[in-house]
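Structure data (CSV, C-alpha atoms) from upload_3.csv:
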```
chain,number,residue,atom,x,y,z
Z,1,MET,CA,24.2,-68.6,-46.9
Z,2,THR,CA,26.9,-66.9,-48.9
Z,3,PRO,CA,25.5,-64.9,-51.7
Z,4,ALA,CA,26.5,-65.6,-55.3
Z,5,VAL,CA,29.9,-64.1,-56.2
Z,6,SER,CA,31.2,-63.4,-59.6
Z,7,TYR,CA,35.0,-63.1,-59.3
Z,8,PRO,CA,35.4,-61.7,-62.8
Z,9,LEU,CA,32.9,-58.9,-62.2
Z,10,ASN,CA,34.5,-58.0,-58.9
Z,11,LYS,CA,37.9,-58.0,-60.4
Z,12,VAL,CA,36.9,-55.4,-63.0
Z,13,LEU,CA,35.1,-53.3,-60.5
Z,14,THR,CA,38.0,-53.4,-58.0
Z,15,ALA,CA,40.3,-52.2,-60.7
Z,16,VAL,CA,38.1,-49.2,-61.5
Z,17,ALA,CA,37.4,-48.4,-57.8
Z,18,ARG,CA,41.1,-48.4,-56.9
Z,19,GLN,CA,41.5,-45.5,-59.4
Z,20,HIS,CA,38.8,-43.6,-57.4
Z,21,ALA,CA,36.9,-43.5,-60.7
Z,22,MET,CA,33.1,-43.2,-60.8
Z,23,LYS,CA,31.4,-43.9,-64.1
Z,24,PRO,CA,27.9,-44.2,-65.4
Z,25,ALA,CA,29.0,-47.2,-67.5
Z,26,LEU,CA,32.2,-49.0,-68.3
Z,27,THR,CA,33.7,-49.0,-71.8
Z,28,ASP,CA,35.3,-51.7,-73.9
Z,29,GLU,CA,38.7,-50.3,-72.9
Z,30,ASP,CA,37.8,-50.8,-69.2
Z,31,LEU,CA,37.1,-54.5,-69.9
Z,32,VAL,CA,40.2,-55.3,-71.9
Z,33,GLY,CA,41.9,-58.4,-70.5
Z,34,HIS,CA,38.9,-59.5,-68.4
Z,35,THR,CA,37.0,-62.7,-69.1
Z,36,LEU,CA,33.4,-62.0,-68.6
Z,37,SER,CA,30.1,-63.6,-69.6
Z,38,ASP,CA,27.9,-61.8,-72.1
Z,39,ALA,CA,25.5,-60.8,-69.4
Z,40,GLU,CA,28.2,-59.5,-67.2
Z,41,ARG,CA,29.7,-57.5,-70.0
Z,42,ALA,CA,26.3,-56.0,-70.9
Z,43,ALA,CA,25.6,-55.1,-67.3
Z,44,LEU,CA,28.9,-53.3,-67.0
Z,45,LYS,CA,28.6,-51.5,-70.2
Z,46,THR,CA,25.1,-50.2,-69.5
Z,47,GLY,CA,25.7,-49.6,-65.8
Z,48,ASP,CA,22.8,-51.8,-64.9
Z,49,ILE,CA,23.2,-51.9,-61.1
Z,50,ASP,CA,20.4,-54.3,-60.4
Z,51,ALA,CA,21.7,-56.8,-62.9
Z,52,LEU,CA,25.2,-56.5,-61.5
Z,53,TYR,CA,23.9,-57.3,-58.1
Z,54,ARG,CA,22.0,-60.4,-59.4
Z,55,LEU,CA,25.1,-61.5,-61.3
Z,56,GLY,CA,27.3,-61.5,-58.2
Z,57,ALA,CA,29.0,-58.1,-58.0
Z,58,ASN,CA,29.8,-56.9,-54.5
Z,59,PRO,CA,27.3,-54.1,-53.6
Z,60,TYR,CA,30.1,-51.9,-52.2
Z,61,LEU,CA,31.8,-52.0,-55.5
Z,62,ILE,CA,28.6,-51.4,-57.4
Z,63,ARG,CA,28.0,-48.4,-55.3
Z,64,ARG,CA,31.6,-47.1,-55.6
Z,65,VAL,CA,31.8,-47.3,-59.4
Z,66,PHE,CA,28.3,-46.6,-60.5
Z,67,ARG,CA,27.5,-44.0,-57.9
Z,68,ALA,CA,25.7,-41.8,-60.4
Z,69,ARG,CA,23.2,-44.6,-61.1
Z,70,PHE,CA,21.7,-44.6,-57.6
Z,71,LYS,CA,18.8,-42.3,-56.8
Z,72,ILE,CA,20.2,-41.6,-53.4
P,1,MET,CA,51.1,-52.6,-18.3
P,2,ALA,CA,48.7,-50.7,-20.4
P,3,GLU,CA,45.3,-49.3,-19.3
P,4,ILE,CA,42.4,-49.0,-21.6
P,5,VAL,CA,41.5,-45.4,-20.9
P,6,ALA,CA,38.7,-44.8,-23.5
P,7,ALA,CA,36.4,-46.7,-25.8
P,8,ALA,CA,34.1,-45.4,-28.5
P,9,LEU,CA,31.8,-46.8,-31.2
P,10,THR,CA,30.9,-44.7,-34.3
P,11,SER,CA,29.3,-45.2,-37.6
P,12,HIS,CA,31.2,-44.4,-40.7
P,13,ALA,CA,30.0,-43.3,-44.1
P,14,PRO,CA,31.7,-41.2,-46.8
P,15,LEU,CA,28.8,-38.9,-47.1
P,16,ILE,CA,29.0,-37.8,-43.4
P,17,THR,CA,31.8,-35.5,-44.4
P,18,GLY,CA,31.5,-35.7,-48.2
P,19,LYS,CA,28.0,-34.2,-48.5
P,20,PRO,CA,27.1,-32.6,-45.2
P,21,ASP,CA,24.9,-30.2,-46.9
P,22,ILE,CA,22.4,-32.8,-48.2
P,23,ALA,CA,21.4,-33.9,-44.6
P,24,ARG,CA,18.7,-32.2,-42.6
P,25,PRO,CA,20.6,-29.6,-40.6
P,26,GLU,CA,19.2,-30.6,-37.2
P,27,GLN,CA,20.2,-34.2,-37.8
P,28,ARG,CA,23.7,-33.3,-39.1
P,29,GLU,CA,24.3,-31.0,-36.1
P,30,ARG,CA,23.2,-33.6,-33.5
P,31,LEU,CA,25.4,-36.2,-35.1
P,32,TYR,CA,28.4,-33.9,-35.4
P,33,ALA,CA,27.9,-32.9,-31.8
P,34,GLY,CA,28.1,-36.6,-30.8
P,35,PHE,CA,31.3,-36.9,-32.7
P,36,HIS,CA,32.8,-33.8,-31.2
P,37,GLU,CA,31.8,-34.9,-27.7
P,38,LEU,CA,33.5,-38.3,-28.3
P,39,GLY,CA,36.6,-36.3,-29.5
P,40,ARG,CA,36.5,-34.2,-26.4
P,41,ARG,CA,36.3,-37.2,-24.1
P,42,LEU,CA,39.0,-39.1,-26.0
P,43,ALA,CA,41.4,-36.1,-25.8
P,44,ALA,CA,40.7,-35.9,-22.1
P,45,ALA,CA,41.7,-39.5,-21.7
P,46,ARG,CA,45.1,-38.7,-23.1
P,47,PRO,CA,45.7,-42.0,-25.0
P,48,GLU,CA,49.2,-42.8,-26.4
P,49,LEU,CA,47.7,-45.2,-28.9
P,50,ILE,CA,44.3,-45.8,-30.6
P,51,VAL,CA,43.5,-49.4,-31.6
P,52,MET,CA,40.9,-49.2,-34.3
P,53,PHE,CA,38.4,-52.0,-35.0
P,54,VAL,CA,37.4,-51.4,-38.6
P,55,ASN,CA,36.6,-53.0,-41.9
P,56,ASP,CA,37.7,-52.6,-45.5
P,57,HIS,CA,35.4,-52.0,-48.4
P,58,LEU,CA,37.3,-54.0,-51.0
P,59,GLN,CA,39.7,-51.1,-51.3
P,60,ASN,CA,42.7,-53.0,-49.9
P,61,PHE,CA,41.5,-56.6,-49.7
P,62,PRO,CA,40.0,-57.7,-53.0
P,63,TYR,CA,38.5,-61.1,-53.8
P,64,SER,CA,41.9,-62.4,-54.7
P,65,ASN,CA,43.0,-62.1,-51.1
P,66,LEU,CA,40.4,-61.6,-48.4
P,67,PRO,CA,41.5,-62.0,-44.7
P,68,ALA,CA,38.9,-62.5,-42.0
P,69,PHE,CA,41.1,-60.5,-39.6
P,70,CYS,CA,44.1,-58.4,-40.5
P,71,ILE,CA,46.4,-56.2,-38.4
P,72,GLY,CA,48.0,-53.1,-40.0
P,73,LEU,CA,51.7,-53.0,-39.7
P,74,ALA,CA,52.2,-49.8,-41.7
P,75,ASP,CA,54.4,-47.0,-40.5
P,76,GLU,CA,51.6,-44.6,-41.6
P,77,TYR,CA,48.1,-44.8,-43.0
P,78,ASP,CA,46.5,-42.7,-45.7
P,79,ALA,CA,43.4,-41.4,-43.9
P,80,PRO,CA,42.4,-40.4,-46.5
P,81,SER,CA,44.5,-40.6,-49.6
P,82,ALA,CA,44.3,-37.8,-52.1
P,83,GLY,CA,41.8,-39.7,-54.2
P,84,GLY,CA,39.6,-40.7,-51.3
P,85,GLY,CA,39.9,-37.3,-49.8
P,86,THR,CA,38.3,-35.7,-52.8
P,87,PHE,CA,35.2,-37.7,-52.4
P,88,MET,CA,35.0,-37.5,-48.6
P,89,ARG,CA,36.0,-33.8,-48.6
P,90,ILE,CA,38.6,-34.4,-46.0
P,91,PRO,CA,42.1,-33.1,-46.6
P,92,PRO,CA,44.6,-36.0,-47.3
P,93,ARG,CA,46.7,-36.8,-44.4
P,94,LYS,CA,49.0,-39.6,-43.0
P,95,LEU,CA,48.4,-41.0,-39.6
P,96,ARG,CA,51.2,-42.7,-37.8
P,97,GLY,CA,51.1,-46.4,-37.1
P,98,ASP,CA,52.7,-48.2,-34.2
P,99,ARG,CA,54.5,-51.2,-35.7
P,100,ASP,CA,56.0,-52.3,-32.4
P,101,VAL,CA,52.7,-52.8,-30.8
P,102,ALA,CA,51.0,-54.1,-34.0
P,103,LEU,CA,53.7,-56.7,-34.6
P,104,ALA,CA,53.6,-57.8,-31.0
P,105,LEU,CA,49.8,-58.2,-31.2
P,106,LEU,CA,50.2,-60.2,-34.4
P,107,GLU,CA,52.8,-62.5,-32.9
P,108,ALA,CA,50.8,-63.0,-29.7
P,109,GLY,CA,47.7,-63.7,-31.8
P,110,LEU,CA,49.4,-66.4,-33.9
P,111,GLU,CA,50.9,-67.9,-30.7
P,112,ALA,CA,47.4,-68.0,-29.1
P,113,GLY,CA,45.6,-69.4,-32.1
P,114,PHE,CA,44.2,-66.1,-33.6
P,115,ASP,CA,45.6,-66.4,-37.2
P,116,PHE,CA,45.6,-62.8,-38.1
P,117,ALA,CA,46.7,-61.7,-41.6
P,118,TYR,CA,48.8,-58.6,-41.7
P,119,SER,CA,49.5,-55.7,-44.1
P,120,TYR,CA,52.3,-53.2,-44.5
P,121,GLU,CA,50.2,-50.9,-46.7
P,122,ILE,CA,46.6,-49.8,-46.2
P,123,GLU,CA,44.7,-47.0,-47.9
P,124,SER,CA,41.9,-46.2,-45.6
P,125,TRP,CA,38.5,-45.2,-46.9
P,126,ASP,CA,35.8,-43.9,-44.6
P,127,GLU,CA,36.4,-46.6,-41.9
P,128,LEU,CA,39.4,-44.6,-40.4
P,129,SER,CA,39.2,-41.3,-42.2
P,130,VAL,CA,35.7,-40.2,-41.2
P,131,PRO,CA,35.7,-41.0,-37.5
P,132,LEU,CA,39.3,-39.8,-37.0
P,133,HIS,CA,38.5,-36.6,-38.8
P,134,PHE,CA,36.4,-35.8,-35.8
P,135,LEU,CA,38.1,-37.7,-33.0
P,136,THR,CA,41.8,-36.8,-33.7
P,137,PRO,CA,41.7,-33.7,-35.9
P,138,ASN,CA,45.4,-33.1,-35.2
P,139,GLY,CA,46.3,-36.7,-36.1
P,140,ASP,CA,48.7,-36.8,-33.3
P,141,VAL,CA,47.9,-40.2,-31.8
P,142,PRO,CA,49.3,-43.2,-33.5
P,143,ILE,CA,46.9,-46.0,-34.5
P,144,VAL,CA,46.9,-49.8,-34.9
P,145,PRO,CA,44.0,-50.9,-37.1
P,146,VAL,CA,42.5,-54.3,-36.8
P,147,TYR,CA,40.5,-55.1,-39.9
P,148,THR,CA,37.6,-57.6,-39.9
P,149,ASN,CA,35.9,-58.7,-43.1
P,150,CYS,CA,32.4,-57.3,-42.9
P,151,ALA,CA,31.9,-56.6,-46.6
P,152,ALA,CA,32.6,-59.7,-48.7
P,153,PRO,CA,30.8,-62.8,-47.4
P,154,PRO,CA,31.3,-65.4,-46.0
P,155,LEU,CA,32.2,-63.3,-42.9
P,156,PRO,CA,33.5,-64.4,-39.5
P,157,ARG,CA,30.8,-65.1,-36.9
P,158,LEU,CA,30.0,-62.3,-34.4
P,159,ARG,CA,31.0,-64.5,-31.5
P,160,ARG,CA,34.5,-65.0,-33.1
P,161,CYS,CA,34.8,-61.3,-33.6
P,162,HIS,CA,34.0,-60.8,-29.9
P,163,GLU,CA,36.6,-63.4,-28.9
P,164,MET,CA,39.1,-61.7,-31.2
P,165,GLY,CA,38.4,-58.4,-29.4
P,166,ALA,CA,38.7,-60.0,-26.0
P,167,PHE,CA,42.1,-61.3,-27.1
P,168,VAL,CA,43.2,-57.8,-28.2
P,169,GLY,CA,42.0,-56.3,-25.0
P,170,ALA,CA,43.9,-58.8,-22.9
P,171,PHE,CA,47.0,-58.4,-25.0
P,172,LEU,CA,46.9,-54.6,-24.6
P,173,ARG,CA,46.4,-54.8,-20.8
P,174,GLY,CA,49.5,-57.0,-20.6
P,175,ASN,CA,51.6,-54.9,-22.9
P,176,ALA,CA,54.4,-52.8,-21.6
P,177,ARG,CA,55.1,-50.8,-24.7
P,178,VAL,CA,52.3,-48.2,-24.0
P,179,ARG,CA,50.5,-47.2,-20.9
P,180,ARG,CA,47.3,-45.5,-22.1
P,181,VAL,CA,45.3,-47.1,-25.0
P,182,ALA,CA,42.0,-46.0,-26.5
P,183,LEU,CA,39.8,-48.3,-28.5
P,184,VAL,CA,37.6,-47.1,-31.4
P,185,ALA,CA,35.3,-49.2,-33.5
P,186,SER,CA,33.6,-47.9,-36.6
P,187,GLY,CA,30.8,-49.2,-38.8
P,188,GLY,CA,27.0,-49.8,-38.9
P,189,ILE,CA,24.5,-49.4,-37.7
P,190,SER,CA,21.8,-50.4,-40.3
P,191,HIS,CA,22.3,-49.4,-43.9
P,192,TRP,CA,21.8,-51.0,-47.3
P,193,VAL,CA,24.7,-50.0,-49.7
P,194,GLY,CA,24.8,-50.8,-53.4
P,195,THR,CA,21.9,-53.4,-53.1
P,196,PRO,CA,18.5,-52.9,-54.7
P,197,GLU,CA,17.4,-51.6,-51.3
P,198,THR,CA,20.0,-48.9,-51.2
P,199,GLY,CA,18.9,-46.1,-48.9
P,200,ARG,CA,16.9,-48.2,-46.5
P,201,ILE,CA,17.6,-47.7,-42.8
P,202,ASN,CA,16.0,-49.7,-40.0
P,203,PRO,CA,15.9,-47.4,-36.9
P,204,GLU,CA,14.1,-50.1,-34.8
P,205,TRP,CA,16.9,-52.6,-35.3
P,206,ASP,CA,19.5,-49.8,-34.6
P,207,GLN,CA,17.8,-49.0,-31.4
P,208,ARG,CA,17.8,-52.7,-30.4
P,209,VAL,CA,21.5,-52.8,-31.0
P,210,LEU,CA,22.1,-49.7,-29.0
P,211,ASP,CA,19.9,-50.9,-26.1
P,212,HIS,CA,21.9,-54.1,-25.8
P,213,ILE,CA,25.1,-52.2,-25.8
P,214,ALA,CA,23.8,-49.7,-23.2
P,215,ARG,CA,22.9,-52.6,-20.9
P,216,ALA,CA,26.1,-54.5,-21.6
P,217,ASP,CA,23.8,-57.3,-22.7
P,218,ILE,CA,25.9,-58.4,-25.6
P,219,GLU,CA,25.1,-62.1,-25.8
P,220,PRO,CA,22.0,-61.6,-28.0
P,221,LEU,CA,24.1,-59.8,-30.5
P,222,LEU,CA,26.7,-62.6,-30.6
P,223,LYS,CA,23.9,-65.0,-31.6
P,224,LEU,CA,22.9,-62.9,-34.7
P,225,THR,CA,23.5,-64.7,-37.9
P,226,HIS,CA,24.7,-63.3,-41.2
P,227,ALA,CA,21.2,-63.7,-42.6
P,228,GLU,CA,19.4,-62.0,-39.7
P,229,ILE,CA,21.7,-59.0,-39.9
P,230,GLU,CA,21.3,-58.9,-43.7
P,231,ARG,CA,17.5,-58.9,-43.2
P,232,ASP,CA,17.3,-56.3,-40.4
P,233,GLY,CA,20.4,-54.3,-40.7
P,234,GLY,CA,21.4,-54.6,-44.4
P,235,ASN,CA,24.8,-55.4,-45.8
P,236,GLY,CA,26.1,-52.3,-44.0
P,237,GLY,CA,24.7,-53.7,-40.7
P,238,GLN,CA,27.3,-56.5,-41.0
P,239,GLU,CA,29.8,-53.9,-39.8
P,240,ILE,CA,28.6,-54.2,-36.2
P,241,ARG,CA,31.2,-57.0,-36.1
P,242,ASN,CA,33.7,-54.1,-35.4
P,243,TRP,CA,31.6,-52.9,-32.5
P,244,VAL,CA,31.2,-56.4,-31.1
P,245,ALA,CA,35.0,-56.9,-31.3
P,246,LEU,CA,35.6,-53.7,-29.3
P,247,LEU,CA,33.0,-54.8,-26.7
P,248,GLY,CA,34.9,-58.0,-26.3
P,249,ALA,CA,38.0,-56.0,-25.3
P,250,VAL,CA,36.1,-54.3,-22.4
P,251,PRO,CA,33.9,-56.9,-20.9
P,252,GLY,CA,31.1,-55.5,-18.8
P,253,TRP,CA,31.5,-52.0,-20.1
P,254,LYS,CA,28.3,-50.2,-21.1
P,255,GLY,CA,27.5,-47.9,-24.0
P,256,GLU,CA,26.3,-44.4,-23.6
P,257,PRO,CA,24.7,-43.3,-27.0
P,258,LEU,CA,25.6,-39.7,-27.5
P,259,ALA,CA,23.8,-39.4,-30.8
P,260,TYR,CA,21.7,-41.5,-33.1
P,261,GLU,CA,20.3,-40.2,-36.3
P,262,PRO,CA,18.9,-42.3,-39.2
P,263,VAL,CA,20.1,-40.0,-41.9
P,264,ALA,CA,18.3,-40.9,-45.1
P,265,GLU,CA,20.5,-38.7,-47.2
P,266,TRP,CA,23.6,-40.4,-46.0
P,267,ILE,CA,21.9,-43.8,-46.3
P,268,THR,CA,23.0,-44.8,-42.8
P,269,GLY,CA,21.7,-45.2,-39.3
P,270,CYS,CA,24.4,-43.1,-37.7
P,271,ALA,CA,25.5,-43.3,-34.1
P,272,THR,CA,28.2,-42.2,-31.7
P,273,VAL,CA,28.6,-44.2,-28.5
P,274,TRP,CA,30.9,-43.7,-25.5
P,275,VAL,CA,31.7,-47.0,-23.8
P,276,HIS,CA,32.7,-46.9,-20.2
P,277,PRO,CA,33.1,-49.2,-17.1
```
What is this file in structure tokens?
Amino acid sequence: MTPAVSYPLNKVLTAVARQHAMKPALTDEDLVGHTLSDAERAALKTGDIDALYRLGANPYLIRRVFRARFKI
Amino acid sequence: MAEIVAAALTSHAPLITGKPDIARPEQRERLYAGFHELGRRLAAARPELIVMFVNDHLQNFPYSNLPAFCIGLADEYDAPSAGGGTFMRIPPRKLRGDRDVALALLEAGLEAGFDFAYSYEIESWDELSVPLHFLTPNGDVPIVPVYTNCAAPPLPRLRRCHEMGAFVGAFLRGNARVRRVALVASGGISHWVGTPETGRINPEWDQRVLDHIARADIEPLLKLTHAEIERDGGNGGQEIRNWVALLGAVPGWKGEPLAYEPVAEWITGCATVWVHP
């Protein structure tokens, strides 16, 4: 079964990943122009990698952008 | 007509080159030795072209445009780009493509019912950069990459990947543009990347995959479902689609594992496999 996918989340993360940027959390500036739910916005701004996964962010993008949040 | 003169399967992970120092030295050296031996055998086979079965990691194909299979038509490939190179600690370089062969493959595929997408610009991440860093350090052999979606489900079935690879193999053997072609597939084996289980590796599943390949007993791999691979091999394990595609191009060929190391620090079950008649 196809896992849940949030296109808005992945769109934001793709934009950051393509700059080869790794961040502990995204800022309001990173989110300008993106339509996100409150939960998605909060997860991005706190770098909550587990919440991002549950909300439908692609794990490769989570890893790429929020690398510093992973223990390994 | 072309001859397939070499075939190899490897893992890819940015940390293999990006953070060599964090791995246990004995594991790192055994894996590096496997890569170097593949490189030695590949050079000895004197290929004029390398067809690469690889996958993107949403670097080139985002959720707005996600092909199941895509052929690279670029004149050259960033492998890696300056940005990617910093992370992978590989000097940026361009690798030549072979548009004549790639375009002929694309056209033949469409004619035969393999509806490949195509791309004139691809920035490779570790899928090309890491294995070719070891296999073609001089970057003197042109490449044609065939991308399969292994990272953003829903994904093509493994059997379809195998059929696609079989088509590519048959096309190459009937192609008069080059005489000596090598095949390289990168990805896998088990790894969990970016999920809550990040860092998990499943050596038992990896060994099962390697054993099937060593015996040329591919059918059980073709029956694996997305869910089974996700459970036993993780989201990174889905990349064995690239290996299965290559094996489709060389029916009956067997794998000789040169190295297998479940490198916890690189969060990947890492292997290098020589494939031969």
Next on the checklist: Could you work out which residues of chain Z fall inside 8 Å of chain P? Count all atoms listed in the file, and format the result as a PyMOL selection string.
Outcome noted: chain Z and resi 1-3+7+10-11+14+17-20+49-50+53+58-63+70+72
Next on the checklist: What's around Thr136 in chain P at 9 Å? Count only C-alpha atoms, leave out sequence neighbours fewer than 3 positions away in its own chain, and write the answer as a PyMOL selection string.
Outcome noted: chain P and resi 39+42-43+131-133+139-141
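You will find CA of Trp125 in chain P at 24.2 Å from CA of Ala249 in chain P.
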Checklist entry - Within 8 Å of Leu52 in chain Z, counting all atoms listed in the file, which residues qualify if same-chain residues fewer than 4 places away don't, as a VMD selection string? => result chain Z and resid 40 43 to 44 48 56 to 57 62
Would you export the selected residues with C-alpha atoms as a compact mmCIF listing (two decimals), in the coordinates of the input, please?
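What follows is the written file selection.txt:
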```
# COMPACT_ATOMS: atom_id res chain seq x y z
CA GLU Z 40 28.20 -59.50 -67.20
CA ALA Z 43 25.60 -55.10 -67.30
CA LEU Z 44 28.90 -53.30 -67.00
CA ASP Z 48 22.80 -51.80 -64.90
CA GLY Z 56 27.30 -61.50 -58.20
CA ALA Z 57 29.00 -58.10 -58.00
CA ILE Z 62 28.60 -51.40 -57.40
```
Would you pick out the contacts of Pro262 in chain P at 7 Å or less, using all atoms listed in the file, so that residues sharing its chain but fewer than 5 positions from it are not included, and give the list as a PDB file with C-alpha atoms, keeping the file's coordinate frame?
```pdb
ATOM      1  CA  ILE P 201      17.600 -47.700 -42.800  1.00  0.00           C
ATOM      2  CA  PRO P 203      15.900 -47.400 -36.900  1.00  0.00           C
ATOM      3  CA  THR P 268      23.000 -44.800 -42.800  1.00  0.00           C
ATOM      4  CA  GLY P 269      21.700 -45.200 -39.300  1.00  0.00           C
ATOM      5  CA  CYS P 270      24.400 -43.100 -37.700  1.00  0.00           C
TER       6      CYS P 270
END
```
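Each of Z:Ala21, Z:Leu55, Z:Ala42, Z:Val65 was checked against Ser6 in chain Z using all atoms listed in the file; the smallest atom-to-atom distance is that of Z:Leu55.
If you count only C-alpha atoms and ignore residues fewer than 5 places along the chain from Gly47 in chain Z, what sits within 9 Å of it is Z:Lys23, Z:Pro24, Z:Ala25, Z:Leu26, Z:Ala42, Z:Leu52, Z:Phe66, Z:Arg69.
Using only C-alpha atoms, the smallest distance between any of P:Cys161, P:Ala182, P:Leu105, P:Leu15 and Gln238 in chain P comes from P:Cys161.
One distance worth recording is that between CA of Glu26 in chain P and CA of Val263 in chain P, which is 10.5 Å.
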Next on the checklist: Just to confirm, what's the straight-line distance from CA of Met164 in chain P to CA of Ser119 in chain P in Å (one decimal)?
Outcome noted: 17.6 Å
Item to check | Residue contacts of Gly255 in chain P (7 Å, all atoms listed in the file) excluding same-chain residues fewer than 4 positions away, as number ranges by chain | outcome: P: 213-214, 273-276
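Candidate residues Z:Arg67, Z:Thr27, Z:Arg54, Z:Val16 were compared for distance to Ala39 in chain Z, and the nearest is Z:Arg54, using all atoms listed in the file.
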